[in-house]
Amino acid sequence: MAGHISALSETVVRKRVVYKNRYGLEVVGELYHAKDMDMGQKHAALIVGAPYGGVKEQGPCVYGNELAQKGFVALTFDQSFMGESGGFPRNVSSPDIFVENFSAAVDYLGLQSFVDREKIGAIGICGSGGFALSAAQCDTRIKAVATVSMYDMSAAVRLGMDREAVQAAKERLSRQRWIDAENGYPEYIPSFPEQPIDAVPADLPEPGAEWFRFYALKRGHHPNARGGFTTTSDLAMMNFRLLDFIDEISPRPILFVVGDRAHSRFFSDNAYAAAAEPKEMFVVKDAEHIDLYDRLDRIPFDKLAAFFSENLRSGGKRP
């Protein structure tokens with residue numbers, strides 16, 4: 001399929017799938033498995049969530065392709081209001097729905113005759129790391145979770161703001177709702193160009209330059225992911241706390257994968273500190289945040305495969 005940032009292995013099958021979440025919204029995903037997989041047997045399956053604002057063709061396709069070669073069924077998907085998935089207006093961010101879509105992916109996988117319902121795990125890249133953990137807090141069908149370059153978007157939306165700044169942001173966004181209501185459609189201002197560019201603007205500060213190094217260049221550009229969400233989406237995220245119950249994932253295991261140079265590393269550190277055992281932090285040498293989206297020489301697929309193979313062997317660890 002055109003638009004994927006990595007080539008599909010000759011040994012892997014990729015199939016477009018469509019299913020609904022509990023709100024009745026259509027979710028479009030892609031299912032990966034080895035061509036020689038015995039479809040008459042039941043296999044372990046992994047859900048792979050895209051970076052916040054990204055789509056299944058950016059990063060998740062790399063994971064799906066590699067994990068299928070390691071014997072897993074892998075399901076990638078576009079979040080609601082994004083990519084090929086349903087939902088209107090477009091580019092709306094909803095913490096509740098984005099978490100729900102991980103459980104909807106479990107629903108879909110569990111209905112497949114070749115998937116073992118007791119052996120379903122989740123991987124969340126960037127913002128999906130927070131959504132995957134949040135889903136696992138209550139959905140005990142997710143037997144093991146790994147986050148990669150995790151962002152907690154409910155914390156990120158308030159990052160660096162004191163109470164006065166938060167109040168000012170709420171006032172500004174609340175006024176924007178009047179403008180959206182008058183216009184009949186919410187404001188959406190893309191972050192990245194419609195077509196890929198050849199170089200990142202020299203005057204762009206970090207971490208904005210890092211986002212451009214992936215999303216704006218040919219490396220990761222996709223027309224369905226122009227960056228950001230509708231302006232007033234931040235209000236919903238400010239009113240939601242994704243990881244308040246992260247300790248309740250235990251005794252199911254969590255693996256945090258993070259680059260040693262990732263600007264976002266503190267999100268993983270904070271979540272790791274709040275999580276109960278069993279938990280593990282795996283630090284990738286010489287890797288920035290976006291390197292774990294697509295770089296085969298950085299993403300620790302052997303580590304991920306070993307983690308899920310061990311912890312999905314008996315449907316996750318139990319007391």
# chains A, B, ... in the order shown; residues from 1 in each chain; ligands from 1
$ residues_around --residues "range 31-46 of chain A" --least-positions-apart "5" --cutoff "6 Å" --atoms "only C-alpha atoms" --output "list in words"
Thr11, Val12, Val13, Arg14, Lys15, Gly64, Ala68, Gln69, Phe72, Val73, Ala74, Leu75, Phe114, Val115, Asp116, Lys119, Ile120, Gly121 and Ala122 of chain A
$ residues_around --residues "Val200 in chain A" --least-positions-apart "4" --cutoff "7 Å" --atoms "only C-alpha atoms" --output "PyMOL selection string"
chain A and resi 209+212-213
$ closest_atom_pairs --of "range 158-217 of chain A" --to "range 290-303 of chain A" --cutoff "9 Å" --atoms "only C-alpha atoms" --output "JSON lines"
{"residue": "A:Glu210", "atom": "CA", "partner": "A:Ile290", "partner_atom": "CA", "distance": 7.3}
{"residue": "A:Trp211", "atom": "CA", "partner": "A:Ile290", "partner_atom": "CA", "distance": 7.6}
{"residue": "A:Arg213", "atom": "CA", "partner": "A:Ile290", "partner_atom": "CA", "distance": 8.3}
{"residue": "A:Phe214", "atom": "CA", "partner": "A:Ile290", "partner_atom": "CA", "distance": 6.9}
$ write_last_selection --atoms "N, CA, C and O atoms" --output "compact mmCIF listing (two decimals), in the first residue's frame"
# COMPACT_ATOMS: atom_id res chain seq x y z
N GLU A 210 12.86 18.61 15.99
CA GLU A 210 12.83 17.14 16.00
C GLU A 210 11.56 16.62 15.33
O GLU A 210 11.60 15.67 14.55
N TRP A 211 10.43 17.23 15.64
CA TRP A 211 9.18 16.80 15.00
C TRP A 211 9.30 16.96 13.48
O TRP A 211 8.86 16.10 12.72
N ARG A 213 12.01 16.79 11.77
CA ARG A 213 12.95 15.79 11.25
C ARG A 213 12.24 14.49 10.89
O ARG A 213 12.77 13.70 10.10
N PHE A 214 11.08 14.27 11.46
CA PHE A 214 10.32 13.07 11.11
C PHE A 214 9.12 13.42 10.23
O PHE A 214 9.02 12.99 9.09
$ residues_around --residues "range 168-184 of chain A" --least-positions-apart "5" --cutoff "9 Å" --atoms "only C-alpha atoms" --output "number ranges by chain"
A: 163, 231-235, 238
$ closest_residue --among "A:His263, A:Leu8, A:Leu204, A:Ala105" --to "Leu67 in chain A" --atoms "only C-alpha atoms"
A:Leu8
